[in-house]
Structure formats: C-alpha cells, structure tokens
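Chemist: Mind having a look at this structure? Questions to follow.
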Amino acid sequence: MSLRQIRRKIRAWGRRQLYSFFSSLGTLLSHRLGTLMTILVLGIAMVLPLGLYVSVKNLRAIDLEREEWGTITVFLQLGAGEEKVKTFAGRIGQERNADVVTVSPEQGMEEFSAVSGFGQAIDMFEENPLPWVLQVTPRQVENEKFEETVADLGAWLEGQDGVDLVQVDYKWLKRLAGLLELGDAFVTVLTVMFSLAVVVVIANTIRLDVASRSDEISVLNMVGAGNSFIRQPFLYSGFWYGLLGAFLALLLLNLSMFYLQRPLTQLLDAYGNTFEVMGLGGRGSLLVLLAGGVLGFLGAWLSVRRYLRQFRLEDPPRRS
Amino acid sequence: MSLRQIRRKIRAWGRRQLYSFFSSLGTLLSHRLGTLMTILVLGIAMVLPLGLYVSVKNLRAIDLEREEWGTITVFLQLGAGEEKVKTFAGRIGQERNADVVTVSPEQGMEEFSAVSGFGQAIDMFEENPLPWVLQVTPRQVENEKFEETVADLGAWLEGQDGVDLVQVDYKWLKRLAGLLELGDAFVTVLTVMFSLAVVVVIANTIRLDVASRSDEISVLNMVGAGNSFIRQPFLYSGFWYGLLGAFLALLLLNLSMFYLQRPLTQLLDAYGNTFEVMGLGGRGSLLVLLAGGVLGFLGAWLSVRRYLRQFRLEDPPRRS
Amino acid sequence: MVTFEHVSKRYSGNVNALQDVSFHLDPGEMVFLTGHSGAGKSTLLRLILMLERATRGQIVVDKRNLGKTPSRLAPRIRQRIGMIFQDHKLLSDKTVFDNVSLPLMIAGMRYPDIRKRVRAALDKVGLLSKEKSWPLMLSGGEQQRVGVARAIVGMPPLLLADEPTGNLDPELSEDLFVLFRQLNAQGVTVLVASHDLALIRAMGQRVLVLSHGRLVDDIPACDVGRLRP
Amino acid sequence: MVTFEHVSKRYSGNVNALQDVSFHLDPGEMVFLTGHSGAGKSTLLRLILMLERATRGQIVVDKRNLGKTPSRLAPRIRQRIGMIFQDHKLLSDKTVFDNVSLPLMIAGMRYPDIRKRVRAALDKVGLLSKEKSWPLMLSGGEQQRVGVARAIVGMPPLLLADEPTGNLDPELSEDLFVLFRQLNAQGVTVLVASHDLALIRAMGQRVLVLSHGRLVDDIPACDVGRLRP
Ligand SMILES: Nc1ncnc2c1ncn2[C@@H]1O[C@H](COP(=O)(O)OP(=O)(O)OP(=O)(O)O)[C@@H](O)[C@H]1O
Ligand SMILES: Nc1ncnc2c1ncn2[C@@H]1O[C@H](COP(=O)(O)OP(=O)(O)OP(=O)(O)O)[C@@H](O)[C@H]1O
Ligand SMILES: [Mg+2]
Ligand SMILES: [Mg+2]
C-alpha cells in the first residue's frame, strides 16, 4: 500500500467515526423522553454504590473520635506526688503516642460528688481517699488495628511502676468490632448487588435499543457496512448513557448530602464535635464520570457483540 | 341487543383475553435472555426498598433495649428505710409503668469501690455515706415519644417525697434523637429514590418493548385491532415483569439476610442479648408480590397509552 | 358501498396527494384503480380504511360518514374491510398461520373455526404447505399471497388491494385476479389498485384513473379497451 | 464477473431453493433472471451478495471464490455490488438523502462529494424533490426508486436488482430499464430479476429462467422472442 493510500484510508476511517458520533447523538436527541428515562434509571443505579461509599467514608471519619470507645483508665497508687504523675503522663504521651488526661484526687472527688449527688459525703473524709487517675487514648491508629493497640497499651501500662489498676472498656470495643464487621458484610453484599445492577441496566438498555433497531442493523449489513461501522453508534450511545447517568448520580448524591447535612450536623453536635460532611471531591467526581462512560461503553459492546452474531455467516472450514 | 348476542360478545371478549395472555407469555419466553435481564434489573430495584424496610424494622426492635439510653438514676434522701424504699419502688413500677432496680447503700459502696478500685477507702467510713439509689426505666414506650416520656418521668420523680436528686442521662438521649432523625431523613431520601426507580425501570422497559414492536402495533392497528386488543399483551407483560421482579427481590432479600445473619448475631451478642433477625413474613411477601404485579401493570399501562397515541386519528370536531 | 364527494387529502409538506376526487362504488361492484407512481392510489385506499382523514370532502363507507366517525370506532370499520397492503405488512415474529388468523383472533372467533377458515384461505392462495413458516422465510411473492389470505380470511364485504401482483409472476397474477372475480361473484365489493394495465384490460371491469391526485378518467367496463399506458 | 458452478442452496426445513445451478456472466454483460414466484431468484441474488452461503457448488464473484472468503470480508464484497431489494429495505428513521448516502458514508467519502453524488443519483430516478422526505411519506413506487438510487450511488461494477419494477407504473418501469441499459453501456454488469416478461422481451438481452430452483433455460439475446409465460 502506498503512503497516499494509507493516508486516504485513515481519513475515511475518521469520517466514519465522525458519522457514528453524530448519528448516535442524533438518535439520543430524537428520543428525548426515552433517553431521559434510561439516564434516570442509570443514575439511580449508580448513586447507590456512590452513596454507600461516601457514607462509609464519613463513618470512618466519625470513628476517629474514639475517646468514646478506646480510653483506658489508669488508677495510680495512693499518695503519688503531682510532679511524678505529670512526668509519667508526659512519658506515656511521648513513648506510646497517646493523649493523656490527668485527674487529680480533688477533681475526682468533685466529679464523684457531682455524679453521685451526695455532696455531704465529702465532708466526712479528713483526707481525700482518691488516687490520681490518668485517662489514656491512643492517637493515630488505623481502625482495623485499634482493638489490638488498646490491648497492647493496657498491658504496657499495667507493667509500669506506681500503677495500681488499669481498666479497659472492652464492652464498647466489642461493640465497635461487631459494628465494623456488620458494616463490612453490608458493604460486600451491596457492592456486589449494585455492580451487577449497573452492568445489567446498561447492557439491557443497549440490548433493547439494538433490538428496536434490528431492521436498521440488517439493512446496514446488507449494503456493505462492516461490523465496526454498525457497532460504533451503539458504543457511542452506551458511552453517552453511562456518562450522563454518572452525571445524574453525582447530582443526586450531592442533593442527598445537602438534604442530610442538617440532621447529620445535629447528630455530630450531640457527639460534642463539629464535623464537615465529606463528598467525593473533584477528582473523585471526575473518576466517577469516567467510570460511567467506560461502563456504558463496555455494556454496549457486550450487547451489540452478542446481537451482531446473528448476522454473521458461518466461516468456511479452514484447511491445513 | 338480544341476550344471545350479548353472550356471544362476552365469549369473544374472553377468547381475546386468552389470546393476549398466551401471546404475552409466548413473547417473554421467546426472548428468554432479555426477559431475564429485565427481571434482574427490576428485582434489584425492588430489593433495595425492601432491604431498607427490613433493616429499619430490625433496628427498631434493637432500640427496644433502651436501658442503655433511657435509665433515670434517682438518689433518695440519706437514711431512708428499706421498707419505705421498696414500697416507693413498687409504686413507681405500677403507676408509671417502669422497671425499677433498687440499689442499697451497701451495694452502692461495693460498686463504687469496685469501679474506682480503691477498696481501702471503704474502711475509712464508719457509717456508709451512700443513699439508696433507684434505677428507673420506662416500659413499652414508642420510640418517637421516648425522649418526652423519660423527661416526664424524671419531672414526676423529682416531685416525690424523699427524693434527693434525679439524674437523666440527656447526652445519650440527644444522641439517640439525632440518630433517629438521621435515620428518618435517610429513609425519606431512599424511599423517594427507590419508588422512582421502580416506576421508571418498569415504564422504561415496557417503553423499549413497545418501541421494538412498533411495527407489530402498527400492523395490528391496520387490520382492525382495537386499542384494548393492542394494549392487552403489553399489560400482561408488565404484570409478569413486575411479579417476577418482586419474586426475585424476595429471593435476594432472603439470601442477603442469610448472609448477614452471622455478623448480626455476633453484634447483638455483644449487646448482651440474643436476637432473631426478622424477615418480611408470609403475608408481607404476598403483599410484595402483589405490589410488584400491580406496579408492572401500571408502568406498562402508562407506557403503552403514551405510545398508542401516535396511531390515533384526530377525532372529528364535535358539533353542539 | 363507497362514496367519495370532492375529497382532497393534503399531507404535511404541502403534498396534495388527492384533489377533489368524487366517485361511487355500488355494493357488489368490482373496480380497478390505476395511475402513475405517486398518483394517490394508496392514499385513496388508506382514506377508505380510516388510516388517514380527508382534508376536505366527504367519504361514506358502508353507509357510515367517515368524517363524522370518532377514531375509537375506526377498528370496527377496518374489521369489515379486507386490505392487501402494497408492502404486505406481515408480523415477522408470528408464523404464516398466526398472521392470517389475526383478523379472526381480533373478532374473538373460536379456535376450531379459526383453524378451518385460515387453512381454507391459505389453500386459496396456494400456500397451505407454508402455514408453519415465518414470513422472513418466504419469497416476495409468497409474502404477498399471505397478505391476500389475511385480507380474505374474515370474509369482509369490502376488499381493497394495493398493488397485489407487484411481486407475482404473470400466471399467479392472473390467478389472483380470477380469485378476486370469484369473491366478487359471491357479493364482495372489490377495489384493486394496480399498474398491470394488460391484466386490467383483460379483466374487463370498470377502471378509475388517477393522475397527480386528480381523478382524470372513469372508464366503464364496456369501454375498457381505451385504457392506454 | 459472476460464475456459478453446480450451486445448490437448501434452507432449513428441507426447502431446496436452488439446485445445481451453473452459469457465467461476463463483465459488462446485462442479463435478466425470471421464473415463477418462489423459483429461487432472490436466493440466487442473495448468494452473490454473500447474504447466504451456498450449500454445495462454487460461486466466484469479481474473481473471488465466495466459498473460501471468510465472513469478515463480506462487507468488502458487498461494497462493490449495488443491490436493489425486492422490499426496498430503507431505514425509516433516516431521510431519503441519508438513506441514499449510506454506501458513501460507509466508504468514508468526503461530505461535499457525497452531496454531489447523492443528488445526481436522486435526479436519475426523478426524486430530487423528495430528498428531505422520510421513507414512510413516500408512495410505494417512490420508495422503490430510492432503493434504486442507493444501489447506483456508489457506482459499483456489479448491479443486482430484485424485482425493481414491482411497484412502478409501465412508464417508469421502462425508464428504469433504460437507466439500467445506460449503466450497462458504461461498463456496469447488470443482473435483474423480474416478472415483467413483456418488458424483458422488449429489452432484448440474455435471459436466465429459473423453475423450482433449477436453471431451465438460458436464452441468448438474439433468441429472446421465444420467452413465453
Ligand atoms: N405520510 C405522507 N406524508 C407526506 N407525503 C405523503 C405521505 N404519504 C404519501 N405522500 C405523498 O403523496 C403522494 C401520493 O402517494 P401515494 O402513496 O398515494 O401514491 P401511489 O399512487 O400509491 O403510488 P405508488 O404506485 O408508487 O404506490 C406521493 O407523492 C407521496 O410522496
Ligand atoms: N430463509 C429461508 N428459509 C427457508 N426457506 C426459504 C428462505 N428464504 C426463501 N425460502 C424458500 O425458498 C424458495 C425460493 O425463495 P426465493 O425468495 O428465492 O424465491 P423468488 O424466486 O425470489 O420468488 P418471488 O418472485 O416470489 O420473490 C421459496 O419457496 C421460499 O419459501
Ligand atoms: Mg401506493
Ligand atoms: Mg424474490
């Protein structure tokens, strides 16, 4: 083949691509309501895994304020001096990478009388009978290793001089572990289901699209269109469906987040800290759009390939 | 019209119905893969609201062990006699419909020394300085009214003779309220989304079905078929789609529940009580199947009606 | 049976398919309709079948004024007319038998009766052996004859045929026209649009000639010899 | 250009559409193909277009042995053949212009060239005024002529026509056959399946006669007078 011929072929190929591109757009636009409905279905199918993902992401972030679950209460021996206690607390903070809150015997007594509500009892003590107490919370631990870390730290603390008793609230830890396992199981079930849903919805849409245009395909086949020429507009359609579906999903996601922001903030205020709901972010959104387009393309490809087979002639038997 | 004519007409109508019924079944069976995919999409769309419903139902049931959140601690005045305390506790149980646990000063001191870990402190008291304590938990309260009920009960208790201090753990109550509000918001968002999804999926499926058979419709129209004759097979198809989709949804739901049973049980064990995961039950399942069929029928009706319009001639202008 | 009075039909895009057409068909008459391609023959037949509404004028079919008939009654009118379409209009996902039985299914007839009638109709067009075939497995002429069978299976009092011999060889074309004459002899009113002037001349029946939407000639049976291409 | 050697085609359901058919068309020849309805004419044309494979025998088109050509090369063969289908095969959701331009789009031609060629082809069949219409808005004959325009727009070296005059009036039929002869004079090999014996006789070209799948006659141009229904 001469260079000129090759160049001509490439140009012809480009023109065919352009034709397919515009033809697919034209089809989508000429069936406006149908396109809209398909995109709606796709958007809903896609918003669910996204919503799940964002929820888990936010839950993980909430978990991080784990004073709730993972605080270890350390009772020091009676009569420890303030200086020594502060040094010890500093050492824990540095060596074991943990937040330490010290509670002096006086603070303890105040709290005790406040909680128990019998202030008059205090007067009966000539000397404060309470020890120094340290509340120790590990910092920057990954959620998965959290239980382990707390148990470790507890054991270490027990071995230190001047420590009378170490109390780890395992009840809450067990709950957390159960909750996380449950969440993981949920994520597995739902992710499998939704991935299936997205693939099936796109493949089914393109399948019905192809079926409703089977006459067109058969005519194209008869007037000499190659498989790629026939396939192309459907692949573009699939791409558009996927892209627009992903776009709608992002829209729905952000709307939902907006709607959920108030009760979420309220809930988190009750937990005593303010919290910004995290979305997908710009890069995440771009990725979702891309994934939508690619998924649509793939779904269309699967459907069309299956369908085109019926126009295929058997090939002649190969001779060796 | 004579009776015989009427009877003949009714018979003809019945035969047409039979024809439509079998024709719709035949169409579904002849496109097996397509039918399967459609049902898969519908099943997935339907399993989501169902799963949500079942989850909420089970969560509500877990909430019922609300000692966790709603217990009121009542400190009685020092020196109250055991007899009087027990009578008071019985009165609360009866009049206010609440569970009451009495803690004697001795039990209180034991607990105190156990929790605080300084047993030696006990020896210092000549007389036990702790009062009688009652732990009061309301029984059989609906979740929505729970906060209110607890506040009420607290106020009532405060007004009673011999009561020194009433402590309601509002921090947990606020969390519970926040959680419930969040759950409600979620339910609203998801329910709206999924109802939309089910309707749109069915309408879209039937729409594409109708579009891919538009030739058939136009031919039927030309050879004298009335609108109802043309519409009938599609309505039956819609019904089948909906019914089978609902069936698949129930299947998926039960599978998921089976898969989630183990981690759920584990979690609930951590909460200290055994718990049977509740499904939809026989009547609920029947209702879901029925709803699926009806929804399918409706979706088909909407789609076909819209589509048939294009074969309608304008009517002649009415003269008055 | 069919009366047109000053009927015009204008399609969107300023196409005047029919202009001021008037004629009358008596019950039991057999008439041919001819004219160049695009003259308006199919349009005329579609108006009788109520697939379109006339833009102007009055059409009376079977004593019913179509202009005043609401569209919901159109199926009832179509059920009393057998129409052979120019492009066959068969359902490709139904067998030949099911295609032909459609009008009877629509009428809600009993299945044994349907069976008898459909097989009789297929026999008349020589396709009894193909009753279980699919339309796509038939030759062009065979498809056309299935369309004929579907049109006559309901024994309608009015039979319209749009170019029914376009895909038939001369022998079959003649057979078909003979079949039309037989039906006509049994009292069916027959209106056939056709290009086959030789055959029309041989049949010796009244001929309507359309040209550019106008009825330019109405040749009585005795005078059919003057029909020229 | 086209050679059949002992070709048989058997469809599923034990239909022997073609049996032991042998003939040869030289490049630049113009040949008619006739035979009763269901004789196998369309089947023969479909075999040349590689829409079906022969059950037995050998077909050579344009020096290519179709029996040994893998199906992925079929489009390339079809692009060099213009085919007029018995049932037009137009795309109803594309305008007349777009329908006719399909073969050129597939070839990836530049748009200005496409425009020029399509309008020339439409002009040849007398439908330039309908270029923006939709196929469903055309009369049967007009649709058929759009099919003709699509077949000739790519200037293929081989032109196949399956009953191209079924929906045309005598005048247009003759015009079309004259157009075929013009193309033939420019070097295009033409094979036309038709029932119109009168017109075939008038054209005075070689005629192949099929009957029940067998090639029963091959009448040379000089002897066409003996063609009888
Ligand atoms: N739906 C439509 N919209 C616009 N124009 C139409 C429509 N249907 C037909 N026409 C035009 O009306 C004219 C008459 O069409 P008609 O089908 O009645 O012709 P005909 O006599 O049946 O021709 P043929 O013998 O080719 O079938 C034609 O020019 C055609 O293009
Ligand atoms: N796909 C198919 N499957 C089975 N039988 C078929 C198929 N296509 C055609 N036939 C049969 O093969 C025979 C020849 O068909 P073909 O279409 O070649 O006839 P033809 O000569 O074109 O007839 P016509 O003039 O009526 O168009 C017919 O009897 C037809 O029923
Ligand atoms: Mg016509
Ligand atoms: Mg044929």
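Quick note on naming: the chains in the structure tokens go A, B, ... in the order shown, residues restart at 1 in each chain, and ligands are numbered from 1 in order of appearance.
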Let me have all residues with an atom within 6 Å of ligand 3, counting only C-alpha atoms and all ligand atoms, laid out as a ChimeraX atom specification.
Modeler: /C:41-42 /D:139-140
Chemist: What does the file look like for those residues with all heavy atoms, as an mmCIF file, in the first residue's frame?
Modeler:
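Dumped everything to again07.cif:
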data_model
loop_
_atom_site.group_PDB
_atom_site.id
_atom_site.type_symbol
_atom_site.label_atom_id
_atom_site.label_comp_id
_atom_site.auth_asym_id
_atom_site.auth_seq_id
_atom_site.Cartn_x
_atom_site.Cartn_y
_atom_site.Cartn_z
ATOM 1 N N LYS C 41 -53.028 6.547 -5.347
ATOM 2 C CA LYS C 41 -53.833 5.331 -5.203
ATOM 3 C C LYS C 41 -53.827 4.823 -3.758
ATOM 4 O O LYS C 41 -54.889 4.574 -3.181
ATOM 5 C CB LYS C 41 -53.284 4.223 -6.131
ATOM 6 C CG LYS C 41 -53.231 4.620 -7.594
ATOM 7 C CD LYS C 41 -52.687 3.512 -8.452
ATOM 8 C CE LYS C 41 -51.231 3.174 -8.150
ATOM 9 N NZ LYS C 41 -50.288 4.279 -8.431
ATOM 10 N N SER C 42 -52.631 4.676 -3.200
ATOM 11 C CA SER C 42 -52.556 4.167 -1.822
ATOM 12 C C SER C 42 -53.258 5.120 -0.867
ATOM 13 O O SER C 42 -53.942 4.693 0.069
ATOM 14 C CB SER C 42 -51.100 3.998 -1.397
ATOM 15 O OG SER C 42 -50.440 3.097 -2.240
ATOM 16 N N SER D 139 -44.697 7.194 -1.668
ATOM 17 C CA SER D 139 -45.529 6.128 -2.229
ATOM 18 C C SER D 139 -44.643 4.914 -2.476
ATOM 19 O O SER D 139 -43.420 4.988 -2.431
ATOM 20 C CB SER D 139 -46.150 6.599 -3.532
ATOM 21 O OG SER D 139 -45.202 6.504 -4.572
ATOM 22 N N GLY D 140 -45.299 3.759 -2.699
ATOM 23 C CA GLY D 140 -44.548 2.521 -2.896
ATOM 24 C C GLY D 140 -43.521 2.644 -4.015
ATOM 25 O O GLY D 140 -42.368 2.225 -3.883
#
Chemist: When the cut-off is 8 Å and you count only C-alpha atoms and all ligand atoms, which residues lie near ligand 2, shown as a ChimeraX atom specification?
Modeler: /C:130,133,136-143,167-169 /D:10-18,34-44,86,162-163,194-195,210,212-213
Chemist: Generate the output file for the selected residues, N, CA and C atoms, as a CSV table (one decimal), in the first residue's frame.
Modeler:
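Everything below was put into part17.csv:
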chain,number,residue,atom,x,y,z
C,130,LYS,N,-47.0,-23.9,3.6
C,130,LYS,CA,-46.1,-23.0,4.3
C,130,LYS,C,-46.7,-22.4,5.6
C,133,SER,N,-44.4,-21.7,8.4
C,133,SER,CA,-43.2,-20.9,8.1
C,133,SER,C,-43.2,-19.5,8.7
C,136,LEU,N,-40.2,-14.2,7.1
C,136,LEU,CA,-38.9,-14.0,6.5
C,136,LEU,C,-38.3,-15.2,5.7
C,137,MET,N,-39.0,-16.3,5.9
C,137,MET,CA,-38.5,-17.5,5.1
C,137,MET,C,-39.3,-17.6,3.8
C,138,LEU,N,-40.1,-16.7,3.5
C,138,LEU,CA,-40.9,-16.8,2.3
C,138,LEU,C,-40.3,-15.9,1.2
C,139,SER,N,-40.6,-16.3,-0.1
C,139,SER,CA,-40.2,-15.4,-1.2
C,139,SER,C,-41.1,-14.2,-1.2
C,140,GLY,N,-40.7,-13.2,-2.0
C,140,GLY,CA,-41.5,-12.0,-2.1
C,140,GLY,C,-43.0,-12.3,-2.5
C,141,GLY,N,-43.1,-13.1,-3.5
C,141,GLY,CA,-44.5,-13.4,-4.0
C,141,GLY,C,-45.3,-14.2,-2.9
C,142,GLU,N,-44.6,-15.1,-2.2
C,142,GLU,CA,-45.3,-15.8,-1.2
C,142,GLU,C,-45.8,-14.9,0.0
C,143,GLN,N,-44.9,-13.9,0.3
C,143,GLN,CA,-45.4,-13.0,1.3
C,143,GLN,C,-46.6,-12.2,0.9
C,167,ASN,N,-45.3,-8.5,-6.8
C,167,ASN,CA,-44.2,-9.5,-6.7
C,167,ASN,C,-44.6,-10.8,-7.3
C,168,LEU,N,-45.7,-10.8,-8.1
C,168,LEU,CA,-46.2,-12.1,-8.6
C,168,LEU,C,-45.8,-12.3,-10.1
C,169,ASP,N,-45.6,-13.5,-10.5
C,169,ASP,CA,-45.3,-13.8,-11.9
C,169,ASP,C,-46.7,-13.7,-12.6
D,10,ARG,N,-29.9,-25.1,0.1
D,10,ARG,CA,-31.0,-25.7,0.8
D,10,ARG,C,-31.2,-25.0,2.1
D,11,TYR,N,-32.5,-24.5,2.3
D,11,TYR,CA,-32.8,-23.8,3.5
D,11,TYR,C,-33.2,-24.8,4.6
D,12,SER,N,-33.1,-24.4,5.8
D,12,SER,CA,-33.7,-25.2,6.9
D,12,SER,C,-35.1,-25.5,6.6
D,13,GLY,N,-35.6,-26.7,7.0
D,13,GLY,CA,-37.0,-27.1,6.6
D,13,GLY,C,-37.0,-27.8,5.3
D,14,ASN,N,-35.9,-28.3,4.8
D,14,ASN,CA,-35.8,-29.1,3.6
D,14,ASN,C,-36.3,-28.4,2.4
D,15,VAL,N,-36.1,-27.0,2.3
D,15,VAL,CA,-36.5,-26.3,1.1
D,15,VAL,C,-35.3,-26.2,0.2
D,16,ASN,N,-35.4,-26.8,-1.0
D,16,ASN,CA,-34.3,-26.7,-2.0
D,16,ASN,C,-34.6,-25.5,-2.8
D,17,ALA,N,-34.0,-24.4,-2.4
D,17,ALA,CA,-34.3,-23.1,-3.2
D,17,ALA,C,-33.6,-23.1,-4.5
D,18,LEU,N,-32.4,-23.6,-4.5
D,18,LEU,CA,-31.6,-23.7,-5.8
D,18,LEU,C,-31.0,-25.1,-5.9
D,34,THR,N,-35.6,-14.7,-14.6
D,34,THR,CA,-37.0,-14.7,-14.4
D,34,THR,C,-37.4,-16.1,-14.0
D,35,GLY,N,-38.6,-16.3,-13.6
D,35,GLY,CA,-39.1,-17.6,-13.1
D,35,GLY,C,-40.3,-17.3,-12.2
D,36,HIS,N,-41.0,-18.3,-11.9
D,36,HIS,CA,-42.3,-18.2,-11.1
D,36,HIS,C,-42.0,-17.7,-9.7
D,37,SER,N,-43.0,-17.3,-9.0
D,37,SER,CA,-42.8,-16.9,-7.6
D,37,SER,C,-42.3,-18.1,-6.8
D,38,GLY,N,-41.2,-17.9,-6.1
D,38,GLY,CA,-40.6,-19.0,-5.3
D,38,GLY,C,-39.7,-19.8,-6.1
D,39,ALA,N,-39.3,-19.4,-7.3
D,39,ALA,CA,-38.4,-20.2,-8.1
D,39,ALA,C,-37.0,-20.1,-7.6
D,40,GLY,N,-36.6,-19.1,-6.9
D,40,GLY,CA,-35.3,-19.0,-6.3
D,40,GLY,C,-34.5,-17.8,-6.8
D,41,LYS,N,-35.1,-16.9,-7.4
D,41,LYS,CA,-34.4,-15.7,-7.9
D,41,LYS,C,-33.8,-14.9,-6.8
D,42,SER,N,-34.5,-14.6,-5.8
D,42,SER,CA,-34.0,-13.8,-4.7
D,42,SER,C,-32.8,-14.5,-4.0
D,43,THR,N,-33.0,-15.8,-3.9
D,43,THR,CA,-32.0,-16.6,-3.3
D,43,THR,C,-30.7,-16.5,-4.1
D,44,LEU,N,-30.8,-16.6,-5.4
D,44,LEU,CA,-29.6,-16.5,-6.2
D,44,LEU,C,-28.9,-15.2,-6.0
D,86,GLN,N,-36.0,-6.4,-3.1
D,86,GLN,CA,-37.5,-6.6,-3.5
D,86,GLN,C,-38.3,-5.7,-2.6
D,162,ASP,N,-33.6,-6.9,-7.7
D,162,ASP,CA,-34.6,-7.9,-7.4
D,162,ASP,C,-36.0,-7.3,-7.5
D,163,GLU,N,-36.6,-7.6,-8.7
D,163,GLU,CA,-38.0,-7.1,-8.9
D,163,GLU,C,-38.1,-5.6,-8.8
D,194,SER,N,-36.8,-10.3,-12.6
D,194,SER,CA,-38.1,-9.6,-12.9
D,194,SER,C,-39.1,-10.6,-13.4
D,195,HIS,N,-40.4,-10.2,-13.2
D,195,HIS,CA,-41.5,-10.9,-13.7
D,195,HIS,C,-42.1,-10.3,-15.0
D,210,LEU,N,-35.4,-19.5,-14.2
D,210,LEU,CA,-35.4,-20.5,-13.1
D,210,LEU,C,-36.8,-21.1,-13.0
D,212,HIS,N,-38.5,-23.8,-10.0
D,212,HIS,CA,-38.3,-24.7,-8.9
D,212,HIS,C,-36.8,-24.9,-8.5
D,213,GLY,N,-36.1,-23.9,-8.6
D,213,GLY,CA,-34.7,-23.9,-8.1
D,213,GLY,C,-33.7,-24.4,-9.2
Chemist: Compute the chain D side of the contact with chain A at 6 Å, counting only C-alpha atoms, and hand it back as a list in words.
Modeler: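 Selected residues: Lys68, Pro70, Ser71, Pro75, Arg78, Gln79, Leu91, Ile106 and Gly108 of chain D.
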Chemist: When you count only C-alpha atoms, which of these residues is closest to chain D: C:Met50, C:Ala121, C:Ile114, C:Leu199?
Modeler: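 Among the listed residues, C:Leu199 lies closest to chain D.
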Chemist: Tell me which of C:Asn99, C:Ser129, C:Gln58, C:Ser22 sits closest to chain D, counting only C-alpha atoms.
Modeler: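 Closest to chain D, using only C-alpha atoms: C:Ser129.
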Chemist: Between atom CA of D:Leu159 and atom CA of D:Ala74, what is the spacing in Å?
Modeler: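 Distance reported for this atom pair: 16.3 Å.
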Chemist: Which residue is closest to chain A? Choose from B:Leu3, B:Leu52, B:Val150, B:Leu289 and count only C-alpha atoms.
Modeler: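 Under the stated criterion, the closest residue is B:Leu52.
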